[in-house]
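Have a look at input_36.cif below; it lists mmCIF, C-alpha atoms.
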data_upload
loop_
_atom_site.label_atom_id
_atom_site.label_comp_id
_atom_site.auth_asym_id
_atom_site.auth_seq_id
_atom_site.Cartn_x
_atom_site.Cartn_y
_atom_site.Cartn_z
CA MET U 1 -40.14 -81.86 9.73
CA ASP U 2 -37.40 -79.92 11.45
CA SER U 3 -38.05 -76.25 10.83
CA GLU U 4 -41.42 -74.63 10.42
CA PRO U 5 -42.24 -73.88 6.76
CA ARG U 6 -42.36 -70.17 5.89
CA GLU U 7 -45.10 -67.90 4.56
CA ILE U 8 -43.05 -65.60 2.33
CA LEU U 9 -45.90 -63.35 1.17
CA ILE U 10 -47.27 -62.67 4.65
CA GLU U 11 -43.76 -62.14 6.07
CA ASN U 12 -42.93 -59.78 3.22
CA LEU U 13 -46.14 -57.80 3.77
CA ILE U 14 -45.46 -57.50 7.51
CA SER U 15 -41.80 -56.51 6.96
CA GLN U 16 -42.70 -53.79 4.49
CA LEU U 17 -45.37 -52.36 6.78
CA ALA U 18 -42.96 -52.55 9.74
CA GLY U 19 -40.47 -50.52 7.68
CA LEU U 20 -42.80 -47.50 7.81
CA PRO U 21 -42.17 -44.86 10.49
CA SER U 22 -43.96 -45.30 13.84
CA ILE U 23 -45.17 -48.78 12.81
CA GLY U 24 -43.73 -51.46 15.09
CA ARG U 25 -43.77 -55.16 14.30
CA LYS U 26 -46.94 -55.80 16.31
CA THR U 27 -48.82 -53.00 14.57
CA ALA U 28 -47.50 -54.24 11.21
CA GLN U 29 -48.91 -57.72 11.93
CA ARG U 30 -52.26 -56.23 12.91
CA LEU U 31 -52.30 -54.08 9.75
CA ALA U 32 -51.38 -57.04 7.52
CA TYR U 33 -54.16 -59.21 8.95
CA HIS U 34 -56.60 -56.31 8.71
CA LEU U 35 -55.74 -55.83 5.03
CA LEU U 36 -56.06 -59.55 4.30
CA ALA U 37 -59.54 -59.46 5.87
CA GLN U 38 -60.66 -56.69 3.47
CA ASP U 39 -62.18 -57.40 0.07
CA GLU U 40 -59.81 -57.35 -2.89
CA ALA U 41 -61.27 -54.12 -4.31
CA SER U 42 -60.42 -52.08 -1.17
CA VAL U 43 -56.86 -53.37 -1.08
CA ARG U 44 -56.45 -52.59 -4.79
CA GLU U 45 -57.80 -49.10 -4.14
CA LEU U 46 -55.28 -48.49 -1.36
CA ALA U 47 -52.48 -49.74 -3.64
CA ARG U 48 -53.67 -47.47 -6.44
CA THR U 49 -53.92 -44.49 -4.10
CA LEU U 50 -50.28 -45.06 -3.10
CA THR U 51 -48.93 -45.27 -6.65
CA ASP U 52 -51.17 -42.44 -7.94
CA ALA U 53 -50.15 -40.14 -5.10
CA LYS U 54 -46.46 -40.90 -5.63
CA ALA U 55 -46.71 -40.47 -9.41
CA ARG U 56 -48.72 -37.25 -9.43
CA ILE U 57 -47.55 -35.37 -6.34
CA HIS U 58 -44.42 -33.28 -6.80
CA ALA U 59 -42.71 -30.20 -5.38
CA CYS U 60 -44.58 -26.87 -5.46
CA ALA U 61 -42.94 -24.54 -8.00
CA VAL U 62 -42.81 -21.75 -5.41
CA CYS U 63 -42.01 -23.33 -2.03
CA GLY U 64 -41.10 -26.99 -2.61
CA ASN U 65 -44.00 -28.39 -0.51
CA TYR U 66 -45.85 -31.44 -1.88
CA THR U 67 -48.64 -30.62 -4.30
CA GLU U 68 -50.56 -32.17 -7.19
CA LYS U 69 -50.81 -28.76 -8.90
CA GLU U 70 -48.10 -26.40 -10.06
CA VAL U 71 -48.38 -24.30 -6.93
CA CYS U 72 -49.42 -25.75 -3.56
CA ARG U 73 -52.62 -24.84 -1.69
CA ILE U 74 -50.67 -22.71 0.80
CA CYS U 75 -48.77 -20.58 -1.75
CA ASP U 76 -52.00 -20.35 -3.75
CA ASN U 77 -54.01 -19.08 -0.75
CA GLY U 78 -54.65 -15.36 -1.03
CA ARG U 79 -55.27 -15.11 2.71
CA ARG U 80 -51.75 -16.24 3.56
CA GLN U 81 -49.15 -13.60 4.29
CA GLN U 82 -46.82 -14.10 1.31
CA ASN U 83 -43.92 -12.09 2.76
CA LEU U 84 -43.65 -14.17 5.94
CA ILE U 85 -41.70 -17.28 4.93
CA CYS U 86 -41.02 -20.16 7.29
CA VAL U 87 -37.92 -22.01 6.07
CA VAL U 88 -38.02 -25.77 6.79
CA GLU U 89 -35.87 -28.76 5.86
CA LYS U 90 -38.62 -31.08 4.58
CA PRO U 91 -42.33 -30.98 3.64
CA ALA U 92 -43.32 -33.03 6.72
CA ASP U 93 -42.09 -30.17 8.94
CA ILE U 94 -44.89 -28.03 7.50
CA LEU U 95 -47.46 -30.35 9.10
CA ALA U 96 -46.39 -29.29 12.61
CA PHE U 97 -47.08 -25.62 11.83
CA GLU U 98 -50.33 -26.28 9.98
CA ARG U 99 -51.60 -28.44 12.85
CA SER U 100 -50.92 -25.64 15.32
CA GLY U 101 -53.29 -23.47 13.27
CA SER U 102 -51.33 -20.44 14.47
CA TYR U 103 -49.23 -19.66 11.39
CA GLN U 104 -50.62 -17.54 8.58
CA GLY U 105 -47.49 -17.13 6.49
CA VAL U 106 -46.08 -19.38 3.77
CA TYR U 107 -43.17 -21.84 3.65
CA HIS U 108 -39.93 -22.64 1.88
CA VAL U 109 -38.68 -26.23 1.78
CA LEU U 110 -34.90 -26.56 1.47
CA GLY U 111 -34.95 -30.32 0.90
CA GLY U 112 -32.43 -31.01 3.68
CA SER U 113 -29.64 -29.18 5.49
CA ILE U 114 -26.00 -28.45 4.77
CA SER U 115 -23.97 -31.47 5.81
CA PRO U 116 -20.38 -31.67 4.56
CA LEU U 117 -20.02 -35.14 6.14
CA ASP U 118 -22.85 -36.45 3.97
CA GLY U 119 -21.56 -34.51 0.97
CA ILE U 120 -24.55 -32.14 0.98
CA GLY U 121 -23.54 -28.59 0.13
CA PRO U 122 -25.57 -25.45 -0.64
CA ALA U 123 -25.80 -26.42 -4.32
CA ASP U 124 -27.76 -29.54 -3.40
CA LEU U 125 -30.49 -27.60 -1.62
CA ASN U 126 -33.31 -25.34 -2.77
CA PHE U 127 -31.51 -22.04 -2.02
CA ALA U 128 -31.75 -20.40 -5.47
CA LYS U 129 -35.52 -19.95 -5.08
CA LEU U 130 -35.09 -18.72 -1.51
CA TRP U 131 -32.78 -15.87 -2.68
CA GLU U 132 -35.26 -15.15 -5.46
CA ARG U 133 -38.17 -14.95 -2.99
CA SER U 134 -36.12 -12.78 -0.64
CA ALA U 135 -34.87 -10.39 -3.35
CA PRO U 136 -37.86 -8.00 -3.39
CA GLY U 137 -37.22 -7.25 0.30
CA GLN U 138 -39.97 -6.55 2.87
CA VAL U 139 -39.74 -10.25 3.69
CA GLU U 140 -39.30 -12.04 7.01
CA LEU U 141 -37.69 -15.48 6.99
CA ILE U 142 -38.42 -17.63 10.05
CA LEU U 143 -35.72 -20.30 10.18
CA ALA U 144 -37.38 -23.48 11.48
CA LEU U 145 -34.42 -25.80 11.00
CA ASN U 146 -33.46 -28.72 13.17
CA THR U 147 -31.40 -27.87 16.25
CA ASN U 148 -28.43 -30.04 15.27
CA ALA U 149 -25.07 -29.09 13.75
CA GLU U 150 -26.45 -29.31 10.18
CA GLY U 151 -29.45 -27.13 11.01
CA GLU U 152 -27.17 -24.56 12.68
CA ALA U 153 -24.77 -24.56 9.69
CA THR U 154 -27.68 -24.03 7.32
CA ALA U 155 -29.07 -21.15 9.42
CA THR U 156 -25.63 -19.51 9.53
CA PHE U 157 -25.24 -19.90 5.76
CA ILE U 158 -28.61 -18.20 5.12
CA ALA U 159 -27.85 -15.40 7.59
CA GLN U 160 -24.44 -14.72 5.99
CA LYS U 161 -25.81 -14.87 2.45
CA LEU U 162 -28.58 -12.37 3.20
CA HIS U 163 -26.45 -10.11 5.40
CA GLY U 164 -27.24 -6.52 4.49
CA ALA U 165 -30.27 -7.45 2.35
CA PRO U 166 -33.61 -5.83 3.28
CA VAL U 167 -34.77 -9.09 4.84
CA LYS U 168 -35.65 -9.81 8.46
CA ILE U 169 -34.45 -13.20 9.71
CA SER U 170 -35.74 -14.83 12.87
CA ARG U 171 -35.66 -18.33 14.30
CA LEU U 172 -38.05 -20.36 16.43
CA ALA U 173 -37.79 -19.82 20.18
CA ARG U 174 -36.06 -22.60 22.05
CA GLY U 175 -37.23 -23.62 25.49
CA ILE U 176 -39.19 -26.04 27.57
CA PRO U 177 -41.92 -27.77 25.50
CA VAL U 178 -45.40 -26.85 26.70
CA GLY U 179 -46.88 -29.56 28.91
CA SER U 180 -43.62 -31.42 29.46
CA GLU U 181 -42.22 -32.24 32.89
CA LEU U 182 -38.96 -30.47 33.70
CA GLU U 183 -37.59 -33.70 35.13
CA TYR U 184 -37.58 -35.28 31.67
CA VAL U 185 -36.36 -32.35 29.59
CA ASP U 186 -32.83 -32.83 28.19
CA GLU U 187 -30.00 -30.67 29.54
CA LEU U 188 -29.34 -28.73 26.34
CA THR U 189 -32.98 -27.64 26.18
CA VAL U 190 -32.82 -26.54 29.83
CA GLN U 191 -29.64 -24.60 29.10
CA ARG U 192 -31.24 -22.83 26.10
CA ALA U 193 -34.38 -22.11 28.13
CA LEU U 194 -32.28 -20.52 30.87
CA GLU U 195 -30.31 -18.39 28.38
CA SER U 196 -33.55 -17.20 26.73
CA ARG U 197 -35.41 -16.65 29.98
CA VAL U 198 -38.16 -14.06 29.84
CA GLU U 199 -38.74 -11.36 32.45
CA VAL U 200 -42.04 -11.78 34.23
CA ILE U 201 -42.20 -8.78 36.57
CA MET P 1 -59.57 -16.06 -2.72
CA ASP P 2 -61.99 -17.07 0.02
CA SER P 3 -61.36 -20.71 0.85
CA GLU P 4 -58.03 -22.51 0.67
CA PRO P 5 -57.71 -24.68 -2.46
CA ARG P 6 -57.62 -28.43 -1.77
CA GLU P 7 -55.03 -31.14 -2.44
CA ILE P 8 -57.31 -34.07 -3.28
CA LEU P 9 -54.59 -36.70 -3.82
CA ILE P 10 -52.76 -35.96 -0.56
CA GLU P 11 -56.04 -35.77 1.39
CA ASN P 12 -57.19 -39.05 -0.14
CA LEU P 13 -53.89 -40.75 0.72
CA ILE P 14 -54.05 -39.51 4.34
CA SER P 15 -57.73 -40.52 4.71
CA GLN P 16 -57.10 -44.02 3.43
CA LEU P 17 -54.11 -44.50 5.73
CA ALA P 18 -56.11 -43.07 8.66
CA GLY P 19 -58.77 -45.71 7.93
CA LEU P 20 -56.37 -48.48 8.93
CA PRO P 21 -56.57 -49.82 12.50
CA SER P 22 -54.39 -48.12 15.13
CA ILE P 23 -53.40 -45.37 12.66
CA GLY P 24 -54.61 -41.98 13.86
CA ARG P 25 -54.78 -38.90 11.64
CA LYS P 26 -51.39 -37.62 12.81
CA THR P 27 -49.67 -40.95 12.09
CA ALA P 28 -51.45 -41.10 8.72
CA GLN P 29 -50.04 -37.66 7.82
CA ARG P 30 -46.56 -38.74 8.86
CA LEU P 31 -46.89 -41.98 6.82
CA ALA P 32 -48.16 -40.12 3.75
CA TYR P 33 -45.27 -37.63 3.82
CA HIS P 34 -42.82 -40.47 4.44
CA LEU P 35 -44.15 -42.35 1.39
CA LEU P 36 -44.02 -39.22 -0.79
CA ALA P 37 -40.36 -38.79 0.21
CA GLN P 38 -39.49 -42.33 -1.01
CA ASP P 39 -38.46 -43.05 -4.58
CA GLU P 40 -41.20 -44.20 -6.93
CA ALA P 41 -39.87 -47.77 -7.12
CA SER P 42 -40.24 -48.38 -3.36
CA VAL P 43 -43.79 -47.05 -3.32
CA ARG P 44 -44.66 -49.23 -6.31
CA GLU P 45 -43.15 -52.21 -4.51
CA LEU P 46 -45.26 -51.58 -1.41
CA ALA P 47 -48.37 -51.27 -3.59
CA ARG P 48 -47.50 -54.50 -5.41
CA THR P 49 -46.85 -56.30 -2.12
CA LEU P 50 -50.34 -55.29 -0.96
CA THR P 51 -52.15 -56.48 -4.07
CA ASP P 52 -50.01 -59.64 -4.43
CA ALA P 53 -50.58 -60.59 -0.81
CA LYS P 54 -54.32 -60.02 -1.08
CA ALA P 55 -54.59 -61.92 -4.39
CA ARG P 56 -52.49 -64.93 -3.39
CA ILE P 57 -53.16 -65.41 0.32
CA HIS P 58 -56.27 -67.44 1.15
CA ALA P 59 -57.67 -69.65 3.89
CA CYS P 60 -55.73 -72.78 4.91
CA ALA P 61 -57.61 -75.89 3.75
CA VAL P 62 -57.28 -77.40 7.23
CA CYS P 63 -57.69 -74.60 9.78
CA GLY P 64 -58.79 -71.47 7.91
CA ASN P 65 -55.69 -69.40 8.86
CA TYR P 66 -54.15 -67.18 6.15
CA THR P 67 -51.67 -68.98 3.90
CA GLU P 68 -50.18 -68.75 0.43
CA LYS P 69 -50.05 -72.58 0.18
CA GLU P 70 -52.82 -75.13 0.42
CA VAL P 71 -52.06 -75.81 4.09
CA CYS P 72 -50.64 -73.15 6.42
CA ARG P 73 -47.20 -73.31 8.05
CA ILE P 74 -48.72 -74.22 11.41
CA CYS P 75 -50.86 -77.15 10.22
CA ASP P 76 -47.93 -78.24 8.07
CA ASN P 77 -45.47 -78.24 11.00
CA GLY P 78 -44.77 -81.81 12.17
CA ARG P 79 -43.64 -80.52 15.56
CA ARG P 80 -47.06 -79.08 16.35
CA GLN P 81 -49.46 -81.15 18.43
CA GLN P 82 -52.17 -81.80 15.83
CA ASN P 83 -54.79 -83.01 18.33
CA LEU P 84 -54.70 -79.83 20.42
CA ILE P 85 -56.87 -77.35 18.54
CA CYS P 86 -57.32 -73.76 19.62
CA VAL P 87 -60.62 -72.47 18.20
CA VAL P 88 -60.56 -68.75 17.35
CA GLU P 89 -62.91 -66.35 15.59
CA LYS P 90 -60.45 -64.80 13.13
CA PRO P 91 -56.89 -65.32 11.83
CA ALA P 92 -55.56 -62.23 13.67
CA ASP P 93 -56.42 -63.95 16.99
CA ILE P 94 -53.75 -66.56 16.18
CA LEU P 95 -51.07 -63.85 16.36
CA ALA P 96 -51.65 -63.40 20.11
CA PHE P 97 -50.93 -67.10 20.77
CA GLU P 98 -47.97 -67.27 18.39
CA ARG P 99 -46.43 -64.17 19.96
CA SER P 100 -46.66 -65.76 23.42
CA GLY P 101 -44.51 -68.60 22.10
CA SER P 102 -46.17 -70.89 24.64
CA TYR P 103 -48.63 -72.76 22.44
CA GLN P 104 -47.58 -75.87 20.55
CA GLY P 105 -50.94 -77.01 19.24
CA VAL P 106 -52.76 -75.99 16.06
CA TYR P 107 -55.74 -73.70 15.36
CA HIS P 108 -59.20 -73.62 13.88
CA VAL P 109 -60.57 -70.34 12.53
CA LEU P 110 -64.38 -70.09 12.62
CA GLY P 111 -64.53 -66.88 10.60
CA GLY P 112 -66.70 -65.10 13.18
CA SER P 113 -69.16 -65.97 15.91
CA ILE P 114 -72.85 -66.85 16.03
CA SER P 115 -74.80 -63.61 16.06
CA PRO P 116 -78.54 -63.85 15.32
CA LEU P 117 -78.83 -60.03 15.42
CA ASP P 118 -76.33 -59.76 12.54
CA GLY P 119 -77.94 -62.71 10.76
CA ILE P 120 -74.89 -64.93 11.32
CA GLY P 121 -75.91 -68.52 12.09
CA PRO P 122 -73.86 -71.75 12.38
CA ALA P 123 -74.17 -72.33 8.62
CA ASP P 124 -72.19 -69.14 7.96
CA LEU P 125 -69.19 -70.26 9.98
CA ASN P 126 -66.44 -72.85 9.46
CA PHE P 127 -68.04 -75.54 11.69
CA ALA P 128 -68.22 -78.43 9.20
CA LYS P 129 -64.42 -78.79 9.22
CA LEU P 130 -64.33 -78.45 13.00
CA TRP P 131 -66.65 -81.47 13.39
CA GLU P 132 -64.54 -83.31 10.82
CA ARG P 133 -61.33 -82.56 12.75
CA SER P 134 -62.99 -83.57 16.04
CA ALA P 135 -64.49 -86.81 14.68
CA PRO P 136 -61.45 -89.09 15.20
CA GLY P 137 -61.58 -88.33 18.94
CA GLN P 138 -58.46 -87.96 21.17
CA VAL P 139 -58.74 -84.24 20.48
CA GLU P 140 -58.80 -81.27 22.83
CA LEU P 141 -60.51 -78.09 21.66
CA ILE P 142 -59.47 -74.92 23.48
CA LEU P 143 -62.21 -72.36 22.91
CA ALA P 144 -60.50 -68.96 22.59
CA LEU P 145 -63.58 -66.97 21.62
CA ASN P 146 -64.35 -63.40 22.55
CA THR P 147 -65.96 -62.93 25.95
CA ASN P 148 -69.10 -61.25 24.61
CA ALA P 149 -72.62 -62.65 24.06
CA GLU P 150 -71.72 -63.90 20.55
CA GLY P 151 -68.57 -65.64 21.76
CA GLU P 152 -70.51 -67.28 24.60
CA ALA P 153 -73.28 -68.41 22.22
CA THR P 154 -70.68 -69.90 19.89
CA ALA P 155 -68.93 -71.74 22.74
CA THR P 156 -72.28 -73.12 23.97
CA PHE P 157 -73.16 -74.26 20.45
CA ILE P 158 -69.84 -76.14 20.09
CA ALA P 159 -70.19 -77.73 23.55
CA GLN P 160 -73.74 -78.92 22.81
CA LYS P 161 -72.87 -80.22 19.37
CA LEU P 162 -69.92 -82.26 20.65
CA HIS P 163 -71.67 -83.40 23.84
CA GLY P 164 -70.91 -87.10 24.33
CA ALA P 165 -68.21 -87.15 21.63
CA PRO P 166 -64.70 -88.34 22.67
CA VAL P 167 -63.47 -84.74 22.65
CA LYS P 168 -62.16 -82.67 25.52
CA ILE P 169 -63.29 -79.05 25.48
CA SER P 170 -61.64 -76.29 27.51
CA ARG P 171 -61.67 -72.53 27.42
CA LEU P 172 -59.08 -69.86 28.24
CA ALA P 173 -58.83 -68.85 31.89
CA ARG P 174 -60.40 -65.52 32.72
CA GLY P 175 -58.81 -63.23 35.25
CA ILE P 176 -56.70 -60.21 35.90
CA PRO P 177 -54.33 -59.51 32.98
CA VAL P 178 -50.69 -59.95 33.96
CA GLY P 179 -49.05 -56.62 34.70
CA SER P 180 -52.26 -54.61 34.89
CA GLU P 181 -53.22 -52.45 37.86
CA LEU P 182 -56.27 -53.71 39.76
CA GLU P 183 -57.56 -50.14 39.97
CA TYR P 184 -58.09 -50.07 36.20
CA VAL P 185 -59.47 -53.56 35.62
CA ASP P 186 -63.16 -53.61 34.64
CA GLU P 187 -65.72 -55.00 37.12
CA LEU P 188 -66.72 -58.06 35.08
CA THR P 189 -63.11 -59.20 34.87
CA VAL P 190 -62.71 -58.74 38.63
CA GLN P 191 -65.90 -60.75 39.18
CA ARG P 192 -64.64 -63.59 36.94
CA ALA P 193 -61.23 -63.51 38.63
CA LEU P 194 -62.89 -63.84 42.04
CA GLU P 195 -65.07 -66.73 40.89
CA SER P 196 -62.07 -68.55 39.43
CA ARG P 197 -59.75 -67.78 42.37
CA VAL P 198 -56.95 -70.26 42.86
CA GLU P 199 -55.94 -71.70 46.25
CA VAL P 200 -52.41 -70.67 47.21
CA ILE P 201 -51.84 -72.51 50.49
#
Would you mind writing the file's structure down as structure tokens?
Amino acid sequence: MDSEPREILIENLISQLAGLPSIGRKTAQRLAYHLLAQDEASVRELARTLTDAKARIHACAVCGNYTEKEVCRICDNGRRQQNLICVVEKPADILAFERSGSYQGVYHVLGGSISPLDGIGPADLNFAKLWERSAPGQVELILALNTNAEGEATATFIAQKLHGAPVKISRLARGIPVGSELEYVDELTVQRALESRVEVI
Amino acid sequence: MDSEPREILIENLISQLAGLPSIGRKTAQRLAYHLLAQDEASVRELARTLTDAKARIHACAVCGNYTEKEVCRICDNGRRQQNLICVVEKPADILAFERSGSYQGVYHVLGGSISPLDGIGPADLNFAKLWERSAPGQVELILALNTNAEGEATATFIAQKLHGAPVKISRLARGIPVGSELEYVDELTVQRALESRVEVI
């Protein structure tokens, strides 16, 4: 026999797992073999959890975060400051704030950023509800958008649109990440950190 | 409202993903949000791949490795040296050898190791086929078992059982892992590496 016969099912399983973020090929192999070593019921349960979650989780009617209810647990939490709104591009960005445990406001998920090159304009994003939530005034929007051209364009669009409205708009501070070594910080971050330097004494 | 309402489906999805090996909670969150951002068809396909793989992949009739056919791609490969048999505890151990690309023999999966404390005796493991494969003689078994008490007991059992048979038995060399810093190598490994030191000049 010239070439080694193939195991399509195992290869397919490994490829699909390797297609997930932060899963390399080696981890995908280990995961595949781990799953094959489980009993059939556990694997079926994992598969059902995946399809159930995907079928029943949708965008929160208020903020656009993932939820299985009409309104997500954050918007529905009476202890959260409802007039402090952190504007993010995607639901996963919310995780970073929730993990920090230091944010007590709510969120607004735009569903992306303005990107003329990709044909994404304001009409494709969740702005209508953002204007609606900002309309009563007494609201602070914290723009937590990515620091690329699209994120900047989106921030500018929001600032222009709400110019003159009784809304406070801020953005996340830019600077040296806590715990990182200066040697490895990229030049643009260093530049921003210098520009935004804080007086000590 | 006193306590934050819960999102059972999302929590369940994250917990199940976090239960997989080498997936921490943070990676599980990232995976869950990634999956929720996919279209329903892709998530269904992943779920189907999982259940299909589990339902249709079984032990190779010759060596016990995972396969979707009767005989796995390695046993079925005419270029592999069929009388050089690497004996491992579980199918995932085969990945380490295949990744190295330096092994041209075949495998035999025992399905575990002898462990009286866990009630696992020789009758619970895939020994019958190992004796069968060794019977014709002209065979070398490379014992690639874990270096714990159970692995040692299993190796001793195989050596005793095949004592006097026309079978060569070897085991993997023990020593300092390539590329590791001596400072961080555990004491037992250092001891074994000293005992098995190799003359240079």
CA of Glu40 (chain U) to CA of Leu46 (chain P) measures 15.7 Å
Please identify all polymer residues within 8 Å of region 98-107 of chain U, counting all atoms listed in the file, omitting same-chain residues fewer than 5 positions from it, and present them as a ChimeraX atom specification. /U:63,65,74-75,79-88
Show me, as a Markdown table, the residues of chain U having an atom within 8 Å of chain P, each with the closest atom pair and its distance in Å, using all atoms listed in the file.
| residue | atom | partner | partner_atom | distance |
| --- | --- | --- | --- | --- |
| U:Met1 | CA | P:Gly78 | CA | 5.2 |
| U:Asp2 | CA | P:Arg79 | CA | 7.5 |
| U:Ser3 | CA | P:Asn77 | CA | 7.7 |
| U:Glu4 | CA | P:Asn77 | CA | 5.5 |
| U:Pro5 | CA | P:Arg73 | CA | 5.2 |
| U:Arg6 | CA | P:Arg73 | CA | 6.2 |
| U:Glu7 | CA | P:Glu68 | CA | 6.6 |
| U:Leu9 | CA | P:Ala53 | CA | 5.8 |
| U:Ile10 | CA | P:Ala53 | CA | 6.7 |
| U:Asn12 | CA | P:Thr49 | CA | 7.5 |
| U:Leu13 | CA | P:Thr49 | CA | 6.1 |
| U:Gln16 | CA | P:Leu46 | CA | 6.8 |
| U:Leu20 | CA | P:Leu31 | CA | 6.9 |
| U:Pro21 | CA | P:Leu31 | CA | 6.6 |
| U:Ser22 | CA | P:Thr27 | CA | 7.4 |
| U:Thr27 | CA | P:Ser22 | CA | 7.4 |
| U:Gln29 | CA | P:Leu95 | CA | 7.9 |
| U:Arg30 | CA | P:Ala92 | CA | 6.9 |
| U:Leu31 | CA | P:Pro21 | CA | 6.6 |
| U:Tyr33 | CA | P:Ala92 | CA | 5.8 |
| U:His34 | CA | P:Pro21 | CA | 7.5 |
| U:Leu35 | CA | P:Lys54 | CA | 7.5 |
| U:Leu36 | CA | P:Lys54 | CA | 5.7 |
| U:Glu40 | CA | P:Lys54 | CA | 6.4 |
| U:Val43 | CA | P:Thr51 | CA | 6.4 |
| U:Arg44 | CA | P:Thr51 | CA | 5.8 |
| U:Leu46 | CA | P:Gln16 | CA | 6.8 |
| U:Ala47 | CA | P:Ala47 | CA | 4.4 |
| U:Arg48 | CA | P:Ala47 | CA | 7.1 |
| U:Thr49 | CA | P:Leu13 | CA | 6.1 |
| U:Leu50 | CA | P:Ala47 | CA | 6.5 |
| U:Thr51 | CA | P:Arg44 | CA | 5.8 |
| U:Asp52 | CA | P:Leu9 | CA | 7.8 |
| U:Ala53 | CA | P:Leu9 | CA | 5.8 |
| U:Lys54 | CA | P:Leu36 | CA | 5.7 |
| U:Ala55 | CA | P:Glu40 | CA | 7.1 |
| U:Ile57 | CA | P:Leu9 | CA | 7.6 |
| U:Thr67 | CA | P:Glu7 | CA | 6.7 |
| U:Glu68 | CA | P:Glu7 | CA | 6.6 |
| U:Cys72 | CA | P:Glu7 | CA | 7.9 |
| U:Arg73 | CA | P:Pro5 | CA | 5.2 |
| U:Ile74 | CA | P:Glu4 | CA | 7.4 |
| U:Asp76 | CA | P:Pro5 | CA | 7.3 |
| U:Asn77 | CA | P:Glu4 | CA | 5.5 |
| U:Gly78 | CA | P:Met1 | CA | 5.2 |
| U:Arg79 | CA | P:Met1 | CA | 7.0 |
| U:Pro91 | CA | P:Tyr33 | CA | 7.3 |
| U:Ala92 | CA | P:Tyr33 | CA | 5.8 |
| U:Leu95 | CA | P:Gln29 | CA | 7.9 |
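Evaluating the PyMOL selection byres ((chain U and resi 152-169) around 6) against the shown model yields Ser113, Ile114, Gly137, Val139, Glu140, Leu141, Ile142, Ala149, Glu150, Gly151 and Ser170 of chain U.
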Result set, the PyMOL selection byres ((chain U and resi 128) around 12) on current file, as an MDAnalysis selection string: chainID U and resid 62:64 108:110 122:127 129:135 158 161
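CA of Phe97 (chain P) to CA of Arg197 (chain P) spans 23.3 Å [interatomic distance, one decimal].
Distance-wise, CA of Val198 (chain P) and CA of Glu181 (chain P) end up 18.9 Å apart.
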Evaluated on this file, the PyMOL selection byres ((chain P and resi 196) around 12) picks out some residues - which ones are they, written as a compact mmCIF listing (two decimals) with C-alpha atoms, in the coordinates of the input?
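Contents of the output file out.txt:
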# COMPACT_ATOMS: atom_id res chain seq x y z
CA LEU P 172 -59.08 -69.86 28.24
CA ALA P 173 -58.83 -68.85 31.89
CA ARG P 174 -60.40 -65.52 32.72
CA GLY P 175 -58.81 -63.23 35.25
CA ILE P 176 -56.70 -60.21 35.90
CA THR P 189 -63.11 -59.20 34.87
CA VAL P 190 -62.71 -58.74 38.63
CA GLN P 191 -65.90 -60.75 39.18
CA ARG P 192 -64.64 -63.59 36.94
CA ALA P 193 -61.23 -63.51 38.63
CA LEU P 194 -62.89 -63.84 42.04
CA GLU P 195 -65.07 -66.73 40.89
CA ARG P 197 -59.75 -67.78 42.37
CA VAL P 198 -56.95 -70.26 42.86
CA GLU P 199 -55.94 -71.70 46.25
Would you give the centre and edge lengths, in Å to one decimal, of a box along x, y and z around the listed atoms of region 61-64 of chain U, with 3 Å added to each side, as JSON?
{"center_x": -42.0, "center_y": -24.4, "center_z": -5.0, "size_x": 7.8, "size_y": 11.2, "size_z": 12.0}
Output region 177-185 of chain U with N, CA and C atoms present, as a PDB file, keeping the file's coordinate frame.
ATOM      1  N   PRO U 177     -40.680 -27.499  26.224  1.00  0.00           N
ATOM      2  CA  PRO U 177     -41.920 -27.770  25.500  1.00  0.00           C
ATOM      3  C   PRO U 177     -43.118 -27.589  26.425  1.00  0.00           C
ATOM      4  N   VAL U 178     -44.199 -27.043  25.896  1.00  0.00           N
ATOM      5  CA  VAL U 178     -45.400 -26.850  26.700  1.00  0.00           C
ATOM      6  C   VAL U 178     -45.954 -28.193  27.142  1.00  0.00           C
ATOM      7  N   GLY U 179     -46.261 -28.329  28.413  1.00  0.00           N
ATOM      8  CA  GLY U 179     -46.880 -29.560  28.910  1.00  0.00           C
ATOM      9  C   GLY U 179     -45.881 -30.632  29.299  1.00  0.00           C
ATOM     10  N   SER U 180     -44.589 -30.369  29.117  1.00  0.00           N
ATOM     11  CA  SER U 180     -43.620 -31.420  29.460  1.00  0.00           C
ATOM     12  C   SER U 180     -43.136 -31.237  30.898  1.00  0.00           C
ATOM     13  N   GLU U 181     -42.709 -32.303  31.520  1.00  0.00           N
ATOM     14  CA  GLU U 181     -42.220 -32.240  32.890  1.00  0.00           C
ATOM     15  C   GLU U 181     -40.731 -31.918  32.872  1.00  0.00           C
ATOM     16  N   LEU U 182     -40.359 -30.917  33.650  1.00  0.00           N
ATOM     17  CA  LEU U 182     -38.960 -30.470  33.700  1.00  0.00           C
ATOM     18  C   LEU U 182     -37.992 -31.620  33.911  1.00  0.00           C
ATOM     19  N   GLU U 183     -38.411 -32.533  34.785  1.00  0.00           N
ATOM     20  CA  GLU U 183     -37.590 -33.700  35.130  1.00  0.00           C
ATOM     21  C   GLU U 183     -37.098 -34.453  33.886  1.00  0.00           C
ATOM     22  N   TYR U 184     -37.908 -34.463  32.834  1.00  0.00           N
ATOM     23  CA  TYR U 184     -37.580 -35.280  31.670  1.00  0.00           C
ATOM     24  C   TYR U 184     -37.014 -34.478  30.502  1.00  0.00           C
ATOM     25  N   VAL U 185     -36.866 -33.165  30.690  1.00  0.00           N
ATOM     26  CA  VAL U 185     -36.360 -32.350  29.590  1.00  0.00           C
ATOM     27  C   VAL U 185     -34.834 -32.480  29.530  1.00  0.00           C
TER      28      VAL U 185
END
